[in-house]
file work_19.csv (CSV, C-alpha atoms and all ligand atoms)
chain,number,residue,atom,x,y,z
H,1,MET,CA,0.0,0.0,0.0
H,2,GLU,CA,1.2,3.5,-0.8
H,3,LEU,CA,0.0,7.0,0.0
H,4,SER,CA,1.0,10.3,-1.6
H,5,ILE,CA,0.4,13.4,0.4
H,6,THR,CA,1.3,17.1,0.3
H,7,ARG,CA,4.6,17.6,2.1
H,8,PRO,CA,3.9,18.0,5.8
H,9,ASP,CA,5.2,20.7,8.1
H,10,ASP,CA,6.2,20.3,11.8
H,11,TRP,CA,4.5,23.0,13.9
H,12,HIS,CA,6.5,22.3,17.0
H,13,LEU,CA,10.2,21.4,16.8
H,14,HIS,CA,13.4,21.7,18.8
H,15,LEU,CA,16.5,21.8,16.7
H,16,ARG,CA,18.9,23.0,19.5
H,17,ASP,CA,22.3,24.4,18.4
H,18,GLY,CA,25.9,23.3,17.9
H,19,GLU,CA,26.6,19.6,17.2
H,20,ILE,CA,23.0,18.4,18.0
H,21,LEU,CA,21.6,20.9,15.5
H,22,GLN,CA,23.9,19.5,12.8
H,23,ALA,CA,22.8,16.0,13.7
H,24,VAL,CA,19.0,16.5,13.7
H,25,VAL,CA,18.4,19.0,10.9
H,26,PRO,CA,18.7,16.4,8.2
H,27,HIS,CA,16.0,14.2,9.8
H,28,SER,CA,13.4,17.0,9.9
H,29,SER,CA,14.3,18.5,6.5
H,30,GLN,CA,14.0,15.1,4.9
H,31,HIS,CA,10.3,14.8,5.7
H,32,PHE,CA,9.0,18.2,6.5
H,33,GLY,CA,8.7,21.4,4.3
H,34,ARG,CA,8.7,23.9,7.2
H,35,ALA,CA,8.9,23.8,11.0
H,36,ILE,CA,8.1,26.1,13.8
H,37,VAL,CA,11.4,26.2,15.6
H,38,MET,CA,11.3,26.5,19.4
H,39,PRO,CA,13.4,29.2,21.0
H,40,ASN,CA,14.3,27.4,24.3
H,41,LEU,CA,18.1,27.5,23.7
H,42,ARG,CA,20.6,28.5,26.4
H,43,PRO,CA,20.4,31.5,26.4
H,44,PRO,CA,16.9,31.6,25.0
H,45,ILE,CA,16.0,33.4,21.7
H,46,THR,CA,14.2,36.4,23.2
H,47,ALA,CA,14.9,39.0,20.4
H,48,THR,CA,14.3,39.1,16.7
H,49,ALA,CA,18.0,39.7,15.9
H,50,ALA,CA,18.9,36.5,17.7
H,51,ALA,CA,16.2,34.6,15.9
H,52,MET,CA,17.6,35.8,12.6
H,53,THR,CA,21.1,34.6,13.5
H,54,TYR,CA,19.8,31.2,14.7
H,55,ARG,CA,17.9,30.9,11.5
H,56,GLN,CA,21.1,31.3,9.5
H,57,SER,CA,22.8,28.5,11.5
H,58,ILE,CA,19.9,26.2,10.8
H,59,LEU,CA,20.0,27.0,7.1
H,60,LYS,CA,23.8,26.3,7.1
H,61,ALA,CA,23.2,22.9,8.7
H,62,LEU,CA,20.8,21.8,5.9
H,63,PRO,CA,21.8,19.2,3.4
H,64,LYS,CA,22.6,20.6,-0.1
H,65,ASP,CA,19.5,21.2,-2.2
H,66,SER,CA,17.1,21.2,0.7
H,67,ASP,CA,14.4,23.8,0.6
H,68,PHE,CA,13.4,23.3,4.2
H,69,ASN,CA,12.1,26.6,5.7
H,70,PRO,CA,12.6,27.2,9.5
H,71,LEU,CA,9.9,29.5,10.9
H,72,MET,CA,11.3,31.2,13.9
H,73,THR,CA,9.8,32.0,17.3
H,74,LEU,CA,10.6,34.3,20.2
H,75,TYR,CA,10.8,33.2,23.8
H,76,LEU,CA,8.4,35.4,25.9
H,77,THR,CA,9.8,36.8,29.2
H,78,ASP,CA,8.5,39.1,31.8
H,79,THR,CA,10.4,41.9,30.1
H,80,THR,CA,9.6,41.3,26.4
H,81,SER,CA,8.6,44.7,25.0
H,82,PRO,CA,5.7,45.4,22.6
H,83,ASN,CA,8.3,46.9,20.2
H,84,GLU,CA,10.1,43.5,20.1
H,85,ILE,CA,6.9,42.0,18.7
H,86,LYS,CA,6.8,44.8,16.1
H,87,LEU,CA,10.4,44.0,15.1
H,88,ALA,CA,9.5,40.3,15.0
H,89,ARG,CA,6.5,40.9,12.7
H,90,GLU,CA,8.5,43.2,10.4
H,91,SER,CA,11.4,40.7,10.1
H,92,GLY,CA,9.4,38.3,8.1
H,93,VAL,CA,11.1,35.3,9.7
H,94,VAL,CA,9.4,35.2,13.1
H,95,TYR,CA,6.0,33.5,13.0
H,96,ALA,CA,5.1,33.2,16.7
H,97,VAL,CA,5.9,33.9,20.3
H,98,LYS,CA,6.3,31.1,22.8
H,99,LEU,CA,5.0,31.1,26.4
H,100,TYR,CA,6.9,29.0,28.8
H,101,PRO,CA,5.7,29.4,32.3
H,102,ALA,CA,8.9,29.7,34.3
H,103,GLY,CA,10.1,26.3,35.5
H,104,ALA,CA,7.5,24.3,33.5
H,105,THR,CA,9.9,22.4,31.2
H,106,THR,CA,13.4,22.1,29.7
H,107,ASN,CA,15.1,25.5,29.5
H,108,SER,CA,12.1,27.4,30.8
H,109,GLN,CA,13.9,29.1,33.7
H,110,ASP,CA,13.8,32.5,31.9
H,111,GLY,CA,10.1,32.1,31.1
H,112,VAL,CA,7.1,34.1,32.3
H,113,THR,CA,6.5,34.3,36.0
H,114,ASP,CA,3.2,36.3,35.9
H,115,LEU,CA,1.5,36.4,32.5
H,116,PHE,CA,-1.4,38.7,33.6
H,117,GLY,CA,0.9,40.9,35.8
H,118,LYS,CA,3.7,41.4,33.3
H,119,CYS,CA,2.7,40.7,29.8
H,120,LEU,CA,-0.6,42.5,29.0
H,121,PRO,CA,1.0,45.2,26.8
H,122,VAL,CA,2.8,42.6,24.8
H,123,LEU,CA,-0.3,40.4,24.4
H,124,GLU,CA,-2.2,43.5,23.2
H,125,GLN,CA,0.5,44.1,20.6
H,126,MET,CA,0.3,40.5,19.5
H,127,VAL,CA,-3.4,40.8,18.9
H,128,GLN,CA,-2.9,44.0,16.9
H,129,LEU,CA,-0.1,42.4,14.7
H,130,LYS,CA,-1.9,39.0,14.5
H,131,MET,CA,1.1,37.2,16.1
H,132,PRO,CA,0.2,33.8,17.4
H,133,LEU,CA,1.0,32.8,21.0
H,134,LEU,CA,2.2,29.2,21.4
H,135,VAL,CA,1.7,27.9,24.9
H,136,HIS,CA,3.4,25.2,27.0
H,137,GLY,CA,0.2,24.7,28.9
H,138,GLU,CA,1.2,23.6,32.4
H,139,VAL,CA,1.1,25.3,35.7
H,140,THR,CA,4.3,25.2,37.7
H,141,ASN,CA,2.9,25.1,41.2
H,142,PRO,CA,4.7,22.2,42.9
H,143,ASP,CA,1.6,21.5,45.0
H,144,VAL,CA,-0.4,20.6,41.8
H,145,ASP,CA,-0.1,16.9,40.9
H,146,VAL,CA,2.1,16.6,37.8
H,147,PHE,CA,-0.7,14.7,35.9
H,148,ASP,CA,-3.1,17.6,36.6
H,149,ARG,CA,-0.9,20.5,35.5
H,150,GLU,CA,-2.4,20.8,32.0
H,151,LYS,CA,-6.0,20.9,33.2
H,152,VAL,CA,-5.2,23.4,36.0
H,153,PHE,CA,-3.5,25.6,33.4
H,154,ILE,CA,-6.5,25.5,31.2
H,155,ASP,CA,-8.8,26.5,34.1
H,156,THR,CA,-6.5,29.2,35.7
H,157,VAL,CA,-4.6,30.7,32.8
H,158,LEU,CA,-5.8,29.7,29.3
H,159,SER,CA,-9.5,30.3,29.8
H,160,PRO,CA,-9.0,33.7,31.4
H,161,LEU,CA,-6.5,34.6,28.8
H,162,ILE,CA,-8.9,33.9,25.9
H,163,GLN,CA,-11.7,35.7,27.7
H,164,LYS,CA,-9.4,38.8,27.9
H,165,PHE,CA,-8.1,38.5,24.4
H,166,PRO,CA,-10.7,36.7,22.3
H,167,GLN,CA,-8.8,37.8,19.1
H,168,LEU,CA,-5.4,36.4,20.2
H,169,LYS,CA,-4.4,33.4,18.1
H,170,VAL,CA,-3.4,30.7,20.6
H,171,VAL,CA,-1.9,27.3,19.9
H,172,MET,CA,-2.0,24.9,22.8
H,173,GLU,CA,1.2,22.9,22.2
H,174,HIS,CA,1.6,19.2,22.7
H,175,ILE,CA,-1.8,18.5,24.2
H,176,THR,CA,-2.0,15.5,26.5
H,177,THR,CA,-5.5,15.4,28.0
H,178,LYS,CA,-9.1,15.0,27.1
H,179,ASP,CA,-9.6,18.3,29.0
H,180,ALA,CA,-7.4,20.0,26.4
H,181,VAL,CA,-9.3,18.4,23.5
H,182,ASP,CA,-12.6,19.5,25.0
H,183,PHE,CA,-11.2,23.0,25.6
H,184,VAL,CA,-9.9,23.4,22.0
H,185,LEU,CA,-13.2,22.0,20.6
H,186,SER,CA,-15.2,24.5,22.6
H,187,SER,CA,-13.2,27.5,21.5
H,188,ASP,CA,-13.4,29.7,18.4
H,189,GLU,CA,-11.7,27.7,15.6
H,190,ARG,CA,-10.2,30.9,14.1
H,191,PHE,CA,-8.3,31.7,17.2
H,192,VAL,CA,-7.6,28.5,19.2
H,193,ALA,CA,-5.9,25.3,17.9
H,194,ALA,CA,-3.6,22.6,19.2
H,195,THR,CA,-0.6,20.6,18.1
H,196,VAL,CA,-0.4,16.9,18.8
H,197,THR,CA,2.8,14.8,19.1
H,198,PRO,CA,3.3,11.2,18.1
H,199,GLN,CA,4.0,10.1,21.7
H,200,HIS,CA,0.8,11.5,23.1
H,201,ILE,CA,-1.4,9.5,20.6
H,202,VAL,CA,0.7,6.3,20.5
H,203,LEU,CA,1.7,5.9,24.2
H,204,ASN,CA,0.1,6.2,27.6
H,205,ARG,CA,1.8,6.6,31.0
H,206,ASN,CA,2.3,2.9,31.3
H,207,SER,CA,5.1,3.3,28.8
H,208,LEU,CA,7.1,5.2,31.4
H,209,PHE,CA,7.4,2.1,33.6
H,210,GLN,CA,7.2,-0.8,31.2
H,211,GLY,CA,9.6,-3.4,32.5
H,212,GLY,CA,11.5,-0.7,34.4
H,213,LEU,CA,12.0,3.0,34.2
H,214,GLN,CA,12.0,4.2,30.5
H,215,PRO,CA,13.7,7.6,30.3
H,216,HIS,CA,13.3,7.8,26.5
H,217,ASN,CA,9.5,8.0,26.9
H,218,TYR,CA,9.8,10.9,29.4
H,219,CYS,CA,8.7,14.2,28.1
H,220,LEU,CA,6.7,17.2,29.3
H,221,PRO,CA,3.8,17.4,29.6
H,222,VAL,CA,4.2,13.8,30.9
H,223,LEU,CA,2.3,11.0,29.2
H,224,LYS,CA,-1.2,10.5,30.7
H,225,ARG,CA,-3.8,7.7,31.1
H,226,GLU,CA,-5.2,5.7,28.3
H,227,ILE,CA,-8.5,7.6,28.3
H,228,HIS,CA,-6.6,10.8,27.4
H,229,ARG,CA,-4.6,9.1,24.7
H,230,GLN,CA,-7.8,7.8,23.2
H,231,ALA,CA,-9.5,11.2,23.4
H,232,ILE,CA,-6.6,12.9,21.5
H,233,ALA,CA,-6.3,10.2,18.9
H,234,SER,CA,-10.0,10.3,18.1
H,235,ALA,CA,-10.1,14.1,18.0
H,236,VAL,CA,-7.2,14.1,15.5
H,237,THR,CA,-8.4,11.2,13.3
H,238,SER,CA,-12.0,12.7,13.2
H,239,GLY,CA,-10.6,15.2,10.8
H,240,SER,CA,-11.1,18.3,12.9
H,241,LYS,CA,-9.2,21.3,11.5
H,242,ARG,CA,-8.3,22.5,15.0
H,243,PHE,CA,-5.5,19.9,15.5
H,244,PHE,CA,-2.3,19.7,13.5
H,245,LEU,CA,1.0,18.0,13.4
H,246,GLY,CA,3.7,19.2,15.9
H,247,THR,CA,6.2,16.6,16.8
H,248,ASP,CA,7.8,18.3,19.8
H,249,SER,CA,10.9,16.4,18.7
H,250,ALA,CA,13.3,17.3,21.5
H,251,PRO,CA,16.7,15.7,21.2
H,252,HIS,CA,18.9,15.3,24.3
H,253,ASP,CA,22.2,13.5,24.4
H,254,ARG,CA,21.7,9.9,25.7
H,255,LYS,CA,23.8,10.6,28.9
H,256,ASN,CA,21.4,13.4,29.8
H,257,LYS,CA,18.4,11.1,29.5
H,258,GLU,CA,20.0,8.0,31.1
H,259,CYS,CA,21.1,9.4,34.4
H,260,SER,CA,19.8,10.1,38.0
H,261,CYS,CA,17.9,13.2,37.0
H,262,GLY,CA,17.1,12.8,33.3
H,263,CYS,CA,15.9,15.6,31.0
H,264,ALA,CA,12.4,15.8,29.6
H,265,GLY,CA,12.1,15.4,25.8
H,266,ILE,CA,11.6,12.7,23.2
H,267,TYR,CA,13.5,12.6,20.0
H,268,ASN,CA,11.0,11.6,17.4
H,269,SER,CA,11.7,13.4,14.1
H,270,PRO,CA,12.9,10.2,12.3
H,271,VAL,CA,9.8,8.2,13.3
H,272,ALA,CA,7.0,10.8,13.6
H,273,LEU,CA,5.4,10.4,10.2
H,274,SER,CA,5.5,6.6,10.5
H,275,LEU,CA,3.7,6.8,13.9
H,276,TYR,CA,1.1,9.3,12.9
H,277,ALA,CA,0.3,7.1,9.8
H,278,LYS,CA,-0.1,4.1,12.1
H,279,VAL,CA,-2.6,5.9,14.3
H,280,PHE,CA,-4.7,7.1,11.3
H,281,GLU,CA,-4.6,3.7,9.8
H,282,GLU,CA,-5.7,2.0,13.0
H,283,ALA,CA,-8.6,4.5,13.1
H,284,GLY,CA,-9.6,3.7,9.5
H,285,ALA,CA,-8.9,7.4,8.8
H,286,LEU,CA,-5.9,7.4,6.5
H,287,ASP,CA,-7.8,9.8,4.2
H,288,LYS,CA,-7.6,12.4,7.0
H,289,LEU,CA,-3.9,12.2,7.6
H,290,GLU,CA,-3.0,14.7,4.9
H,291,ALA,CA,-5.2,17.5,6.4
H,292,PHE,CA,-3.7,16.9,9.9
H,293,ALA,CA,-0.1,16.8,8.6
H,294,SER,CA,-0.1,19.3,5.8
H,295,PHE,CA,-3.3,21.5,5.6
H,296,ASN,CA,-4.6,22.4,9.1
H,297,GLY,CA,-1.3,24.0,10.3
H,298,PRO,CA,-0.7,26.4,7.4
H,299,ASP,CA,-4.4,27.2,7.2
H,300,PHE,CA,-4.4,28.3,10.9
H,301,TYR,CA,-1.2,30.3,10.6
H,302,GLY,CA,-2.5,31.9,7.4
H,303,LEU,CA,0.4,30.5,5.3
H,304,PRO,CA,0.2,28.7,1.9
H,305,ARG,CA,0.2,24.9,1.9
H,306,ASN,CA,3.2,23.2,0.5
H,307,SER,CA,3.2,22.3,-3.2
H,308,SER,CA,5.5,19.3,-3.2
H,309,LYS,CA,4.5,15.8,-2.1
H,310,ILE,CA,5.9,12.9,-0.2
H,311,ARG,CA,5.2,9.2,-0.4
H,312,LEU,CA,4.3,7.0,2.6
H,313,SER,CA,4.6,3.3,1.7
H,314,LYS,CA,3.8,0.3,3.8
H,315,THR,CA,7.3,-1.0,4.0
H,316,PRO,CA,8.5,-2.3,7.3
H,317,TRP,CA,11.8,-0.6,8.5
H,318,THR,CA,13.8,-0.8,11.7
H,319,VAL,CA,14.4,2.3,13.8
H,320,PRO,CA,18.1,2.7,14.6
H,321,ALA,CA,19.1,2.1,18.2
H,322,SER,CA,20.6,5.5,18.3
H,323,TYR,CA,22.1,8.3,16.1
H,324,SER,CA,25.7,9.2,16.8
H,325,TYR,CA,27.0,12.8,16.5
H,326,GLY,CA,30.2,14.4,17.6
H,327,LEU,CA,31.1,12.8,21.0
H,328,GLY,CA,27.6,11.5,21.8
H,329,ASP,CA,24.5,9.9,20.6
H,330,ILE,CA,20.7,10.4,20.7
H,331,VAL,CA,18.2,7.6,21.2
H,332,PRO,CA,15.1,8.1,19.1
H,333,MET,CA,11.5,7.2,20.1
H,334,SER,CA,10.7,3.6,19.2
H,335,ALA,CA,14.4,2.8,19.0
H,336,GLY,CA,15.0,-0.7,17.6
H,337,GLN,CA,11.3,-1.3,16.8
H,338,VAL,CA,10.0,-2.2,13.4
H,339,LEU,CA,7.6,0.4,12.0
H,340,ASP,CA,5.2,-0.1,9.1
H,341,TRP,CA,5.1,3.2,7.3
H,342,LEU,CA,8.2,4.5,5.5
H,343,PRO,CA,8.2,8.1,4.2
H,344,SER,CA,10.2,9.0,1.2
H,345,PRO,CA,10.3,12.0,-1.2
H,346,LEU,CA,8.2,12.0,-4.3
A,1,LIG,N1,8.8,18.4,25.6
A,1,LIG,C1,9.8,18.2,26.4
A,1,LIG,O1,9.8,17.3,27.3
A,1,LIG,N2,10.9,18.9,26.3
A,1,LIG,C2,11.2,20.1,25.4
A,1,LIG,C3,10.5,21.3,26.0
A,1,LIG,C4,9.0,21.4,25.8
A,1,LIG,O2,8.5,21.3,24.6
A,1,LIG,O3,8.3,21.5,26.8
A,1,LIG,C5,12.7,20.3,25.3
A,1,LIG,O4,13.1,21.4,24.9
A,1,LIG,O5,13.4,19.3,25.6
A,2,ZN,ZN,6.6,22.3,26.0
A,3,ZN,ZN,8.6,21.4,22.8

call {"tool": "encode", "arguments": {"input": "work_19.csv", "output": "structure tokens", "more": "lines below"}}
Ligand SMILES: NC(=O)N[C@@H](CC(=O)O)C(=O)O
Ligand SMILES: [Zn+2]
Ligand SMILES: [Zn+2]
result
Amino acid sequence: MELSITRPDDWHLHLRDGEILQAVVPHSSQHFGRAIVMPNLRPPITATAAAMTYRQSILKALPKDSDFNPLMTLYLTDTTSPNEIKLARESGVVYAVKLYPAGATTNSQDGVTDLFGKCLPVLEQMVQLKMPLLVHGEVTNPDVDVFDREKVFIDTVLSPLIQKFPQLKVVMEHITTKDAVDFVLSSDERFVAATVTPQHIVLNRNSLFQGGLQPHNYCLPVLKREIHRQAIASAVTSGSKRFFLGTDSAPHDRKNKECSCGCAGIYNSPVALSLYAKVFEEAGALDKLEAFASFNGPDFYGLPRNSSKIRLSKTPWTVPASYSYGLGDIVPMSAGQVLDWLPSPL
């Protein structure tokens, strides 16, 4: 069996910098036309000038002849100025601003401590300039159970935010709960959407402990119960325009995952399309894969859809145990497993 679809985009991607950047860019650019590139480097990309420099280093890391287009983002802080949003908009290379509640996830220590106290003028400016806000939707209060942090964020931050700024374009990134699905479905589809990762529709929280602790299945927001996985998978395969592909591929060196305090983040770029295809196939909805992967994202962002195509063929392939780079290696999601769908250029 073979499928030909419009080249997909990845609306949530971590490319890092330095040696890891060189190692992972070819995997994303092989399958995806564009990607929204996350700004959580150290130090974070908080200004348009830095985003432009970072973009150049991504372009330099691309294989020859690649036309992959990195869409840059800014990292929102308590001190981001409305003028920075104007510069970002005028640059033509920054497509969104990312909200990390301070302390919520990897490299979020410089994130926002008080959205409503510190960021109102910036959010106002974003509405004016139609700049989307991308949200890591978890509260950081250590008293809130880690499995409830997305739901509590929806109730205490996202709902009030949308009430205050109904015209702000918001993407709830890497949703993990039925609560998030319901929230997105009940919002105005012109202004609220969500990205969905492969891991959150393929795995549930049992995968964190299967036969022992599994650090390569650990990401944030952490995997949830099976009922949540099912809710997300069925929302996505129903064909709703509000959900689109965002891998959240987040490479960490193996030694930073396999240690006493391992980093959050799953490296899934090489396997993402195979896994999404599997979920749509299992739901009997392969005809809806193309919209999820290639149409809903650009439509929401107001960008043209890609014109080239890729092929997905039902050819079993074995995921490498790891990818070496420089002095280290990165273990991908589904390492060593046989996957059914093989993407290739058309
Ligand atoms: N998802 C993760 O677990 N980690 C991401 C950060 C993020 O997207 O929250 C990372 O940068 O490693
Ligand atoms: Zn995140
Ligand atoms: Zn991410």

call {"tool": "residues_near_ligand", "arguments": {"input": "work_19.csv", "ligand": "ligand ZN 3 (chain A)", "cutoff": "7 Å", "atoms": "only C-alpha atoms and all ligand atoms", "output": "list of chain:residue names"}}
result
H:His12, H:Leu13, H:His14, H:Met38, H:Asp248, H:Ser249, H:Ala250

call {"tool": "closest_residue", "arguments": {"input": "work_19.csv", "among": "H:Ser159, H:Thr195, H:Ser28, H:Thr6", "to": "ligand ZN 2 (chain A)", "atoms": "only C-alpha atoms and all ligand atoms"}}
result
H:Thr195

call {"tool": "residues_near_ligand", "arguments": {"input": "work_19.csv", "ligand": "ligand ZN 2 (chain A)", "cutoff": "12 Å", "atoms": "all atoms listed in the file", "output": "PyMOL selection string"}}
result
chain H and resi 12-14+38-40+75+98-108+111+134-139+150+171-176+195-197+219-222+246-250+264-266

call {"tool": "write_last_selection", "arguments": {"input": "work_19.csv", "atoms": "C-alpha atoms", "output": "mmCIF file, in the frame of the given file"}}
result
data_model
loop_
_atom_site.group_PDB
_atom_site.id
_atom_site.type_symbol
_atom_site.label_atom_id
_atom_site.label_comp_id
_atom_site.auth_asym_id
_atom_site.auth_seq_id
_atom_site.Cartn_x
_atom_site.Cartn_y
_atom_site.Cartn_z
ATOM 1 C CA HIS H 12 6.500 22.300 17.000
ATOM 2 C CA LEU H 13 10.200 21.400 16.800
ATOM 3 C CA HIS H 14 13.400 21.700 18.800
ATOM 4 C CA MET H 38 11.300 26.500 19.400
ATOM 5 C CA PRO H 39 13.400 29.200 21.000
ATOM 6 C CA ASN H 40 14.300 27.400 24.300
ATOM 7 C CA TYR H 75 10.800 33.200 23.800
ATOM 8 C CA LYS H 98 6.300 31.100 22.800
ATOM 9 C CA LEU H 99 5.000 31.100 26.400
ATOM 10 C CA TYR H 100 6.900 29.000 28.800
ATOM 11 C CA PRO H 101 5.700 29.400 32.300
ATOM 12 C CA ALA H 102 8.900 29.700 34.300
ATOM 13 C CA GLY H 103 10.100 26.300 35.500
ATOM 14 C CA ALA H 104 7.500 24.300 33.500
ATOM 15 C CA THR H 105 9.900 22.400 31.200
ATOM 16 C CA THR H 106 13.400 22.100 29.700
ATOM 17 C CA ASN H 107 15.100 25.500 29.500
ATOM 18 C CA SER H 108 12.100 27.400 30.800
ATOM 19 C CA GLY H 111 10.100 32.100 31.100
ATOM 20 C CA LEU H 134 2.200 29.200 21.400
ATOM 21 C CA VAL H 135 1.700 27.900 24.900
ATOM 22 C CA HIS H 136 3.400 25.200 27.000
ATOM 23 C CA GLY H 137 0.200 24.700 28.900
ATOM 24 C CA GLU H 138 1.200 23.600 32.400
ATOM 25 C CA VAL H 139 1.100 25.300 35.700
ATOM 26 C CA GLU H 150 -2.400 20.800 32.000
ATOM 27 C CA VAL H 171 -1.900 27.300 19.900
ATOM 28 C CA MET H 172 -2.000 24.900 22.800
ATOM 29 C CA GLU H 173 1.200 22.900 22.200
ATOM 30 C CA HIS H 174 1.600 19.200 22.700
ATOM 31 C CA ILE H 175 -1.800 18.500 24.200
ATOM 32 C CA THR H 176 -2.000 15.500 26.500
ATOM 33 C CA THR H 195 -0.600 20.600 18.100
ATOM 34 C CA VAL H 196 -0.400 16.900 18.800
ATOM 35 C CA THR H 197 2.800 14.800 19.100
ATOM 36 C CA CYS H 219 8.700 14.200 28.100
ATOM 37 C CA LEU H 220 6.700 17.200 29.300
ATOM 38 C CA PRO H 221 3.800 17.400 29.600
ATOM 39 C CA VAL H 222 4.200 13.800 30.900
ATOM 40 C CA GLY H 246 3.700 19.200 15.900
ATOM 41 C CA THR H 247 6.200 16.600 16.800
ATOM 42 C CA ASP H 248 7.800 18.300 19.800
ATOM 43 C CA SER H 249 10.900 16.400 18.700
ATOM 44 C CA ALA H 250 13.300 17.300 21.500
ATOM 45 C CA ALA H 264 12.400 15.800 29.600
ATOM 46 C CA GLY H 265 12.100 15.400 25.800
ATOM 47 C CA ILE H 266 11.600 12.700 23.200
#

call {"tool": "atom_distance", "arguments": {"input": "work_19.csv", "atom1": "atom CA of H:Ser274", "atom2": "atom CA of H:Trp341"}}
result
4.7 Å

call {"tool": "atom_distance", "arguments": {"input": "work_19.csv", "atom1": "atom CA of H:Leu208", "atom2": "atom CA of H:Lys178"}}
result
19.4 Å

call {"tool": "atom_distance", "arguments": {"input": "work_19.csv", "atom1": "atom C1 of ligand LIG 1 (chain A)", "atom2": "atom CA of H:Asn268"}}
result
11.2 Å

call {"tool": "axis_aligned_box", "arguments": {"input": "work_19.csv", "around": "stretch 259-276 of chain H", "padding_each_side": "4 Å", "output": "AutoDock Vina command-line options"}}
result
--center_x 11.1 --center_y 11.2 --center_z 24.1 --size_x 28.0 --size_y 17.2 --size_z 35.8

call {"tool": "closest_residue", "arguments": {"input": "work_19.csv", "among": "H:Leu289, H:Leu123, H:Leu223, H:Ala49", "to": "ligand LIG 1 (chain A)", "atoms": "all atoms listed in the file"}}
result
H:Leu223

call {"tool": "closest_residue", "arguments": {"input": "work_19.csv", "among": "H:Val152, H:Leu87, H:Ala283, H:Cys263", "to": "ligand LIG 1 (chain A)", "atoms": "only C-alpha atoms and all ligand atoms"}}
result
H:Cys263

call {"tool": "build_atoms", "arguments": {"input": "work_19.csv", "residues": "stretch 269-283 of chain H", "atoms": "N, CA and C atoms", "output": "mmCIF file, in the coordinates of the input"}}
result
data_model
loop_
_atom_site.group_PDB
_atom_site.id
_atom_site.type_symbol
_atom_site.label_atom_id
_atom_site.label_comp_id
_atom_site.auth_asym_id
_atom_site.auth_seq_id
_atom_site.Cartn_x
_atom_site.Cartn_y
_atom_site.Cartn_z
ATOM 1 N N SER H 269 11.793 12.954 15.483
ATOM 2 C CA SER H 269 11.700 13.400 14.100
ATOM 3 C C SER H 269 11.836 12.200 13.081
ATOM 4 N N PRO H 270 12.747 11.232 13.304
ATOM 5 C CA PRO H 270 12.900 10.200 12.300
ATOM 6 C C PRO H 270 11.661 9.244 12.216
ATOM 7 N N VAL H 271 10.864 9.177 13.284
ATOM 8 C CA VAL H 271 9.800 8.200 13.300
ATOM 9 C C VAL H 271 8.386 8.839 13.294
ATOM 10 N N ALA H 272 8.335 10.158 13.374
ATOM 11 C CA ALA H 272 7.000 10.800 13.600
ATOM 12 C C ALA H 272 6.011 10.474 12.518
ATOM 13 N N LEU H 273 6.376 10.607 11.247
ATOM 14 C CA LEU H 273 5.400 10.400 10.200
ATOM 15 C C LEU H 273 4.913 8.906 10.211
ATOM 16 N N SER H 274 5.834 7.990 10.468
ATOM 17 C CA SER H 274 5.500 6.600 10.500
ATOM 18 C C SER H 274 4.424 6.343 11.640
ATOM 19 N N LEU H 275 4.646 6.998 12.781
ATOM 20 C CA LEU H 275 3.700 6.800 13.900
ATOM 21 C C LEU H 275 2.387 7.455 13.698
ATOM 22 N N TYR H 276 2.394 8.670 13.174
ATOM 23 C CA TYR H 276 1.100 9.300 12.900
ATOM 24 C C TYR H 276 0.312 8.447 11.892
ATOM 25 N N ALA H 277 0.999 7.952 10.849
ATOM 26 C CA ALA H 277 0.300 7.100 9.800
ATOM 27 C C ALA H 277 -0.320 5.901 10.475
ATOM 28 N N LYS H 278 0.416 5.301 11.391
ATOM 29 C CA LYS H 278 -0.100 4.100 12.100
ATOM 30 C C LYS H 278 -1.397 4.422 12.833
ATOM 31 N N VAL H 279 -1.431 5.557 13.526
ATOM 32 C CA VAL H 279 -2.600 5.900 14.300
ATOM 33 C C VAL H 279 -3.824 6.171 13.370
ATOM 34 N N PHE H 280 -3.579 6.881 12.275
ATOM 35 C CA PHE H 280 -4.700 7.100 11.300
ATOM 36 C C PHE H 280 -5.128 5.821 10.682
ATOM 37 N N GLU H 281 -4.191 4.949 10.384
ATOM 38 C CA GLU H 281 -4.600 3.700 9.800
ATOM 39 C C GLU H 281 -5.422 2.863 10.761
ATOM 40 N N GLU H 282 -4.995 2.801 12.006
ATOM 41 C CA GLU H 282 -5.700 2.000 13.000
ATOM 42 C C GLU H 282 -7.149 2.576 13.207
ATOM 43 N N ALA H 283 -7.316 3.867 12.994
ATOM 44 C CA ALA H 283 -8.600 4.500 13.100
ATOM 45 C C ALA H 283 -9.455 4.382 11.854
#
